[in-house]
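Reproduced below: data08.cif, with mmCIF, C-alpha atoms.
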```
data_run
loop_
_atom_site.group_PDB
_atom_site.id
_atom_site.type_symbol
_atom_site.label_atom_id
_atom_site.label_comp_id
_atom_site.auth_asym_id
_atom_site.auth_seq_id
_atom_site.Cartn_x
_atom_site.Cartn_y
_atom_site.Cartn_z
ATOM 1 C CA MET A 1 0.000 0.000 0.000
ATOM 2 C CA ARG A 2 1.249 3.475 -0.883
ATOM 3 C CA PHE A 3 0.253 6.642 0.946
ATOM 4 C CA LYS A 4 -0.354 9.986 -0.733
ATOM 5 C CA MET A 5 -0.267 12.318 2.276
ATOM 6 C CA LEU A 6 3.132 13.962 2.631
ATOM 7 C CA PRO A 7 4.097 16.789 4.998
ATOM 8 C CA ALA A 8 6.591 19.461 4.048
ATOM 9 C CA PRO A 9 10.103 18.200 4.828
ATOM 10 C CA PRO A 10 11.400 19.412 8.206
ATOM 11 C CA ALA A 11 14.869 20.754 8.946
ATOM 12 C CA ASP A 12 16.114 17.336 10.075
ATOM 13 C CA LEU A 13 14.965 13.776 10.743
ATOM 14 C CA ASP A 14 14.695 14.353 14.499
ATOM 15 C CA ARG A 15 11.250 15.754 13.741
ATOM 16 C CA VAL A 16 10.112 12.308 12.604
ATOM 17 C CA ARG A 17 11.213 10.768 15.899
ATOM 18 C CA GLU A 18 9.419 13.536 17.824
ATOM 19 C CA ALA A 19 6.245 12.969 15.818
ATOM 20 C CA GLN A 20 6.307 9.227 16.470
ATOM 21 C CA ARG A 21 6.700 9.809 20.212
ATOM 22 C CA ALA A 22 3.681 12.113 20.159
ATOM 23 C CA VAL A 23 1.445 9.279 18.930
ATOM 24 C CA PRO A 24 0.004 7.393 21.939
ATOM 25 C CA LEU A 25 0.934 3.832 22.840
ATOM 26 C CA VAL A 26 -2.687 3.155 23.797
ATOM 27 C CA PRO A 27 -4.844 3.468 20.652
ATOM 28 C CA GLY A 28 -6.897 6.633 20.340
ATOM 29 C CA ASP A 29 -9.253 7.986 17.714
ATOM 30 C CA GLU A 30 -8.006 10.235 14.928
ATOM 31 C CA GLN A 31 -9.271 13.433 16.522
ATOM 32 C CA ASP A 32 -7.477 12.759 19.812
ATOM 33 C CA CYS A 33 -4.251 11.714 18.081
ATOM 34 C CA CYS A 34 -4.233 14.785 15.845
ATOM 35 C CA ALA A 35 -4.896 17.051 18.819
ATOM 36 C CA ARG A 36 -1.999 15.428 20.663
ATOM 37 C CA LEU A 37 0.352 15.882 17.703
ATOM 38 C CA GLN A 38 -0.701 19.496 17.289
ATOM 39 C CA ARG A 39 -0.223 20.239 20.977
ATOM 40 C CA ARG A 40 3.137 18.503 21.409
ATOM 41 C CA LEU A 41 4.782 19.518 18.144
ATOM 42 C CA GLY A 42 3.160 22.909 17.643
ATOM 43 C CA PHE A 43 1.630 22.129 14.260
ATOM 44 C CA PRO A 44 -0.357 25.096 12.920
ATOM 45 C CA SER A 45 -3.553 23.162 12.154
ATOM 46 C CA ARG A 46 -5.378 19.882 12.601
ATOM 47 C CA ASP A 47 -4.912 19.178 8.882
ATOM 48 C CA VAL A 48 -1.123 19.298 9.261
ATOM 49 C CA SER A 49 -1.380 16.907 12.207
ATOM 50 C CA ARG A 50 -3.553 14.537 10.163
ATOM 51 C CA THR A 51 -1.029 14.595 7.327
ATOM 52 C CA TRP A 52 1.772 13.708 9.727
ATOM 53 C CA LEU A 53 -0.265 10.900 11.297
ATOM 54 C CA THR A 54 -0.859 9.362 7.864
ATOM 55 C CA PHE A 55 2.797 9.841 6.938
ATOM 56 C CA LEU A 56 3.884 8.036 10.109
ATOM 57 C CA ARG A 57 1.732 5.103 9.004
ATOM 58 C CA ALA A 58 3.554 5.112 5.655
ATOM 59 C CA LEU A 59 6.859 4.973 7.533
ATOM 60 C CA GLU A 60 5.532 2.091 9.684
ATOM 61 C CA LEU A 61 5.973 4.219 12.811
ATOM 62 C CA ALA A 62 2.237 4.334 13.562
ATOM 63 C CA ARG A 63 -0.642 1.971 12.881
ATOM 64 C CA GLU A 64 -4.397 2.113 12.513
ATOM 65 C CA THR A 65 -6.455 -0.643 14.131
ATOM 66 C CA ASP A 66 -10.111 -1.122 14.986
ATOM 67 C CA ALA A 67 -9.325 0.479 18.345
ATOM 68 C CA GLY A 68 -7.746 3.583 16.791
ATOM 69 C CA PHE A 69 -4.250 4.911 16.108
ATOM 70 C CA SER A 70 -1.124 4.079 18.072
ATOM 71 C CA ARG A 71 2.621 4.201 17.575
ATOM 72 C CA THR A 72 4.626 1.115 16.710
ATOM 73 C CA ASP A 73 7.805 -0.052 18.419
ATOM 74 C CA ARG A 74 9.901 0.411 15.282
ATOM 75 C CA GLU A 75 12.955 2.597 15.701
ATOM 76 C CA PRO A 76 13.019 5.462 13.176
ATOM 77 C CA THR A 77 16.587 4.783 12.084
ATOM 78 C CA VAL A 78 17.761 6.439 8.902
ATOM 79 C CA GLU A 79 17.946 3.096 7.100
ATOM 80 C CA HIS A 80 14.403 2.211 8.128
ATOM 81 C CA LEU A 81 13.087 5.610 7.034
ATOM 82 C CA ARG A 82 14.813 5.324 3.667
ATOM 83 C CA ARG A 83 13.365 1.896 2.971
ATOM 84 C CA SER A 84 9.837 2.712 4.151
ATOM 85 C CA PHE A 85 9.753 6.013 2.267
ATOM 86 C CA LEU A 86 10.562 4.364 -1.059
ATOM 87 C CA ASP A 87 8.297 1.385 -0.373
ATOM 88 C CA HIS A 88 5.194 3.160 0.893
ATOM 89 C CA VAL A 89 5.075 6.801 -0.288
ATOM 90 C CA LEU A 90 3.244 7.373 -3.562
ATOM 91 C CA LEU A 91 5.569 8.253 -6.485
ATOM 92 C CA ALA A 92 8.699 8.299 -4.308
ATOM 93 C CA PRO A 93 10.668 5.806 -6.485
ATOM 94 C CA GLU A 94 9.417 7.490 -9.660
ATOM 95 C CA THR A 95 10.609 10.875 -8.409
ATOM 96 C CA LEU A 96 14.086 9.529 -7.679
ATOM 97 C CA ALA A 97 14.245 7.942 -11.133
ATOM 98 C CA ALA A 98 13.030 11.188 -12.714
ATOM 99 C CA VAL A 99 15.943 13.129 -11.221
ATOM 100 C CA ALA A 100 18.314 10.582 -12.746
ATOM 101 C CA ALA A 101 16.583 10.882 -16.122
ATOM 102 C CA VAL A 102 16.710 14.681 -16.143
ATOM 103 C CA THR A 103 20.295 15.026 -14.946
ATOM 104 C CA THR A 104 21.688 12.381 -17.299
ATOM 105 C CA GLY A 105 19.490 13.147 -20.296
ATOM 106 C CA GLY A 106 17.879 9.721 -19.934
ATOM 107 C CA GLU A 107 15.234 8.579 -22.392
ATOM 108 C CA ASP A 108 11.616 8.065 -21.434
ATOM 109 C CA ASP A 109 9.633 4.863 -21.857
ATOM 110 C CA ALA A 110 8.023 6.050 -25.079
ATOM 111 C CA SER A 111 11.413 6.547 -26.722
ATOM 112 C CA THR A 112 12.566 3.136 -25.547
ATOM 113 C CA ALA A 113 9.452 1.476 -26.943
ATOM 114 C CA GLU A 114 9.967 3.180 -30.288
ATOM 115 C CA MET A 115 13.562 1.959 -30.462
ATOM 116 C CA ASP A 116 12.473 -1.606 -29.752
ATOM 117 C CA THR A 117 9.977 -1.676 -32.608
ATOM 118 C CA ASP A 118 12.090 -0.336 -35.458
ATOM 119 C CA SER A 119 15.824 -0.749 -35.978
ATOM 120 C CA THR A 120 16.018 2.252 -38.284
ATOM 121 C CA ALA A 121 14.107 4.380 -35.808
ATOM 122 C CA GLU A 122 16.523 3.143 -33.147
ATOM 123 C CA THR A 123 19.428 4.836 -34.871
ATOM 124 C CA ASP A 124 17.458 8.042 -35.342
ATOM 125 C CA VAL A 125 16.238 8.142 -31.745
ATOM 126 C CA ASP A 126 19.712 7.450 -30.377
ATOM 127 C CA SER A 127 21.144 10.294 -32.417
ATOM 128 C CA THR A 128 18.379 12.630 -31.329
ATOM 129 C CA ALA A 129 18.802 11.667 -27.679
ATOM 130 C CA GLU A 130 22.512 12.453 -27.825
ATOM 131 C CA THR A 131 21.832 15.772 -29.517
ATOM 132 C CA ASP A 132 19.117 16.718 -27.033
ATOM 133 C CA VAL A 133 21.233 16.174 -23.908
ATOM 134 C CA ASP A 134 21.835 19.685 -22.628
ATOM 135 C CA PRO A 135 24.899 20.372 -20.478
ATOM 136 C CA THR A 136 22.692 22.354 -18.096
ATOM 137 C CA ALA A 137 21.099 19.024 -17.108
ATOM 138 C CA GLN A 138 24.324 18.145 -15.341
ATOM 139 C CA ARG A 139 23.745 21.077 -12.967
ATOM 140 C CA GLY A 140 20.632 19.556 -11.445
ATOM 141 C CA ALA A 141 16.938 18.906 -11.989
ATOM 142 C CA SER A 142 14.316 21.522 -11.180
ATOM 143 C CA VAL A 143 10.967 20.760 -9.571
ATOM 144 C CA ASP A 144 9.198 21.512 -12.856
ATOM 145 C CA ALA A 145 11.486 19.211 -14.845
ATOM 146 C CA VAL A 146 10.926 16.346 -12.402
ATOM 147 C CA PHE A 147 7.172 16.928 -12.320
ATOM 148 C CA GLY A 148 7.185 16.808 -16.111
ATOM 149 C CA ARG A 149 8.680 13.320 -15.863
ATOM 150 C CA ILE A 150 6.226 11.927 -13.281
ATOM 151 C CA ARG A 151 3.124 13.819 -14.422
ATOM 152 C CA GLU A 152 1.680 10.835 -16.300
ATOM 153 C CA ALA A 153 2.063 8.643 -13.200
ATOM 154 C CA VAL A 154 -0.266 10.808 -11.092
ATOM 155 C CA PRO A 155 -3.374 8.666 -10.452
ATOM 156 C CA THR A 156 -6.319 9.445 -12.710
ATOM 157 C CA TYR A 157 -8.635 9.892 -9.738
ATOM 158 C CA GLU A 158 -6.550 12.927 -8.758
ATOM 159 C CA HIS A 159 -7.437 14.542 -12.096
ATOM 160 C CA HIS A 160 -11.142 14.012 -11.432
ATOM 161 C CA LYS A 161 -10.940 15.063 -7.787
ATOM 162 C CA ASN A 162 -9.317 18.428 -8.588
ATOM 163 C CA PRO A 163 -9.772 18.996 -12.336
ATOM 164 C CA ASP A 164 -8.615 22.625 -12.285
ATOM 165 C CA THR A 165 -5.842 22.418 -9.705
ATOM 166 C CA TRP A 166 -4.403 18.882 -9.712
ATOM 167 C CA GLU A 167 -1.295 19.934 -11.641
ATOM 168 C CA SER A 168 -0.373 22.712 -9.218
ATOM 169 C CA ILE A 169 -1.158 20.426 -6.256
ATOM 170 C CA TRP A 170 1.108 17.692 -7.582
ATOM 171 C CA ARG A 171 3.800 20.141 -8.618
ATOM 172 C CA ASP A 172 3.943 21.231 -4.960
ATOM 173 C CA ARG A 173 3.890 17.591 -3.854
ATOM 174 C CA THR A 174 6.810 16.906 -6.203
ATOM 175 C CA ALA A 175 8.753 19.653 -4.422
ATOM 176 C CA ASP A 176 8.035 17.935 -1.087
ATOM 177 C CA LEU A 177 9.040 14.527 -2.472
ATOM 178 C CA LEU A 178 12.342 15.986 -3.635
ATOM 179 C CA GLY A 179 12.891 17.626 -0.263
ATOM 180 C CA TRP A 180 12.334 14.350 1.594
ATOM 181 C CA LEU A 181 14.569 12.409 -0.803
ATOM 182 C CA ALA A 182 17.302 14.965 -0.122
ATOM 183 C CA LEU A 183 16.731 14.777 3.641
ATOM 184 C CA LEU A 184 17.061 10.983 3.445
ATOM 185 C CA GLY A 185 20.332 11.217 1.538
ATOM 186 C CA PHE A 186 19.205 10.055 -1.910
ATOM 187 C CA LEU A 187 19.565 13.521 -3.438
ATOM 188 C CA GLU A 188 21.582 16.648 -2.880
ATOM 189 C CA SER A 189 20.099 20.095 -3.380
ATOM 190 C CA VAL A 190 22.058 22.543 -5.501
ATOM 191 C CA ASP A 191 21.523 26.261 -5.103
ATOM 192 C CA VAL A 192 20.668 28.112 -8.287
ATOM 193 C CA ASP A 193 20.791 31.867 -8.710
ATOM 194 C CA ALA A 194 18.405 33.895 -10.852
ATOM 195 C CA ASP A 195 20.793 34.121 -13.825
ATOM 196 C CA ASP A 196 21.396 30.363 -13.971
ATOM 197 C CA ALA A 197 17.683 29.643 -13.599
ATOM 198 C CA ALA A 198 16.757 32.002 -16.432
ATOM 199 C CA ASP A 199 19.512 30.625 -18.701
ATOM 200 C CA ALA A 200 18.319 27.048 -18.225
ATOM 201 C CA GLY A 201 14.632 27.824 -18.574
ATOM 202 C CA ALA A 202 14.126 26.840 -22.189
ATOM 203 C CA ASP A 203 14.739 23.118 -21.710
ATOM 204 C CA GLY A 204 12.859 22.632 -18.427
ATOM 205 C CA VAL A 205 15.929 21.718 -16.388
ATOM 206 C CA ALA A 206 15.512 24.925 -14.439
ATOM 207 C CA ASP A 207 13.439 28.017 -15.022
ATOM 208 C CA ALA A 208 13.173 31.527 -13.687
ATOM 209 C CA GLY A 209 10.501 30.408 -11.237
ATOM 210 C CA ASP A 210 13.037 28.140 -9.579
ATOM 211 C CA ALA A 211 15.114 31.162 -8.609
ATOM 212 C CA ALA A 212 12.498 31.797 -5.926
ATOM 213 C CA ASP A 213 12.892 28.433 -4.215
ATOM 214 C CA GLY A 214 16.570 28.267 -5.198
ATOM 215 C CA ASP A 215 17.006 24.513 -5.501
ATOM 216 C CA ARG A 216 17.763 21.933 -8.112
ATOM 217 C CA TYR A 217 18.633 18.350 -7.306
ATOM 218 C CA VAL A 218 21.294 15.810 -8.218
ATOM 219 C CA LEU A 219 21.691 12.176 -7.209
ATOM 220 C CA THR A 220 24.045 11.254 -4.397
ATOM 221 C CA ASP A 221 26.086 8.043 -4.480
ATOM 222 C CA ARG A 222 23.369 6.478 -2.313
ATOM 223 C CA GLY A 223 20.687 7.559 -4.752
ATOM 224 C CA ARG A 224 22.569 6.072 -7.700
ATOM 225 C CA ALA A 225 23.216 2.835 -5.800
ATOM 226 C CA THR A 226 19.523 2.581 -4.906
ATOM 227 C CA LEU A 227 18.453 2.965 -8.530
ATOM 228 C CA ASP A 228 21.073 0.439 -9.646
ATOM 229 C CA ALA A 229 19.790 -2.049 -7.064
ATOM 230 C CA GLU A 230 16.232 -1.556 -8.300
ATOM 231 C CA GLY A 231 17.451 -2.507 -11.755
#
```
Do you think you could lay out the structure here as structure tokens?
Amino acid sequence: MRFKMLPAPPADLDRVREAQRAVPLVPGDEQDCCARLQRRLGFPSRDVSRTWLTFLRALELARETDAGFSRTDREPTVEHLRRSFLDHVLLAPETLAAVAAVTTGGEDDASTAEMDTDSTAETDVDSTAETDVDPTAQRGASVDAVFGRIREAVPTYEHHKNPDTWESIWRDRTADLLGWLALLGFLESVDVDADDAADAGADGVADAGDAADGDRYVLTDRGRATLDAEG
């Protein structure tokens, strides 16, 4: 099972441990658990608390039973958080793979399928792919570039649920996914100034809008090893 709810990434992983400790050992209903999280961690709203409670379930640090919600006895070690995040958070593996594709000029599935069906087309596509690799891609992937890669993987029900806003909602969620992947050591954020962002804007690797949030992302050795292990 994969969970959609994802809080904004905190400053460090200690916040995850604090959130787990705020969930009661004795099961309580959602309202009581959210109130407890909000009170102990100073969350600004009940909705933020609910998002964190769901996220803790994704990380296997909290559980829902017939009696209510309670924390598990799992230790929130970095290795456990890394594994659970990739295994249980919606589009987490796809986001990591998208950063690799953007920063290495990787081909998408459609291009690969075309190469498999026609040997002549294979030569043409390979040549085009080499030509299209922009050196700016080596400087990191922007939120917009990564969202462009995972956009088709967003569940269809999200389109119907928010027909006018689903793209902006999932663009923001992509930013949070990238932030968590960086916090967990799979990615490294790279600062980008306004001039670099504007220069790279044409190809989607970074655009002027990214100057505001100032980050692009590259894979760490751990991120590359994880993708290699996934095959």
Practice problem: Select all residues near (-2.8, 9.6, -8.1) (cut-off 12 Å, inclusive, file coordinates), counting only C-alpha atoms, and output them as JSON, numbers by chain. | Solution: {"A": [2, 3, 4, 5, 89, 90, 91, 150, 151, 152, 153, 154, 155, 156, 157, 158, 159, 160, 161, 162, 166, 167, 169, 170, 173]}
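Picture a line from CA of Ala225 (chain A) to CA of Ala145 (chain A); it runs 22.1 Å.
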Quiz prompt | Coordinates-based distance that separates CA of Thr104 (chain A) from CA of Asp172 (chain A) (Å, one decimal) | solution =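 Result for CA of Asp172 (chain A) versus CA of Thr104 (chain A): 23.4 Å, one decimal.
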Quiz item: Which neighbours of Glu188 (chain A) fall inside 8 Å, counting only C-alpha atoms, when residues of the same chain fewer than 5 positions from it are skipped, and could you give them as a VMD selection string?
Solution: chain A and resid 182 217 to 220
Quiz item: So which residues fall inside 12 Å of (5.2, 19.8, 20.3) if we count all atoms listed in the file? Mind giving them as a PyMOL selection string?
Solution: chain A and resi 15-23+34-44+49
Serialized selection, C-alpha atoms, as a PDB file, keeping the file's coordinate frame:
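Everything below was put into again00.pdb:
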```
ATOM      1  CA  ARG A  15      11.250  15.754  13.741  1.00  0.00           C
ATOM      2  CA  VAL A  16      10.112  12.308  12.604  1.00  0.00           C
ATOM      3  CA  ARG A  17      11.213  10.768  15.899  1.00  0.00           C
ATOM      4  CA  GLU A  18       9.419  13.536  17.824  1.00  0.00           C
ATOM      5  CA  ALA A  19       6.245  12.969  15.818  1.00  0.00           C
ATOM      6  CA  GLN A  20       6.307   9.227  16.470  1.00  0.00           C
ATOM      7  CA  ARG A  21       6.700   9.809  20.212  1.00  0.00           C
ATOM      8  CA  ALA A  22       3.681  12.113  20.159  1.00  0.00           C
ATOM      9  CA  VAL A  23       1.445   9.279  18.930  1.00  0.00           C
ATOM     10  CA  CYS A  34      -4.233  14.785  15.845  1.00  0.00           C
ATOM     11  CA  ALA A  35      -4.896  17.051  18.819  1.00  0.00           C
ATOM     12  CA  ARG A  36      -1.999  15.428  20.663  1.00  0.00           C
ATOM     13  CA  LEU A  37       0.352  15.882  17.703  1.00  0.00           C
ATOM     14  CA  GLN A  38      -0.701  19.496  17.289  1.00  0.00           C
ATOM     15  CA  ARG A  39      -0.223  20.239  20.977  1.00  0.00           C
ATOM     16  CA  ARG A  40       3.137  18.503  21.409  1.00  0.00           C
ATOM     17  CA  LEU A  41       4.782  19.518  18.144  1.00  0.00           C
ATOM     18  CA  GLY A  42       3.160  22.909  17.643  1.00  0.00           C
ATOM     19  CA  PHE A  43       1.630  22.129  14.260  1.00  0.00           C
ATOM     20  CA  PRO A  44      -0.357  25.096  12.920  1.00  0.00           C
ATOM     21  CA  SER A  49      -1.380  16.907  12.207  1.00  0.00           C
TER      22      SER A  49
END
```
Quiz prompt | Distance criterion (only C-alpha atoms): nearest to Thr54 (chain A) out of A:Glu30, A:Asp66, A:Asp14, A:Glu75 | solution = A:Glu30
Practice problem: Please identify all polymer residues within 7 Å of region 81-84 of chain A, counting all atoms listed in the file, omitting same-chain residues fewer than 6 positions from it, and present them as a VMD selection string. | Solution: chain A and resid 58 to 59 184
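Nearest residue to Arg224 (chain A) among A:Val190, A:Val146, A:Leu178, A:Ala97 is A:Ala97, counting only C-alpha atoms.
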Quiz item: Using only C-alpha atoms, which of A:Leu56, A:Val48, A:Gly231, A:Asp87 sits nearest Arg74 (chain A)?
Solution: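 For Arg74 (chain A), the nearest of the given residues is A:Leu56.
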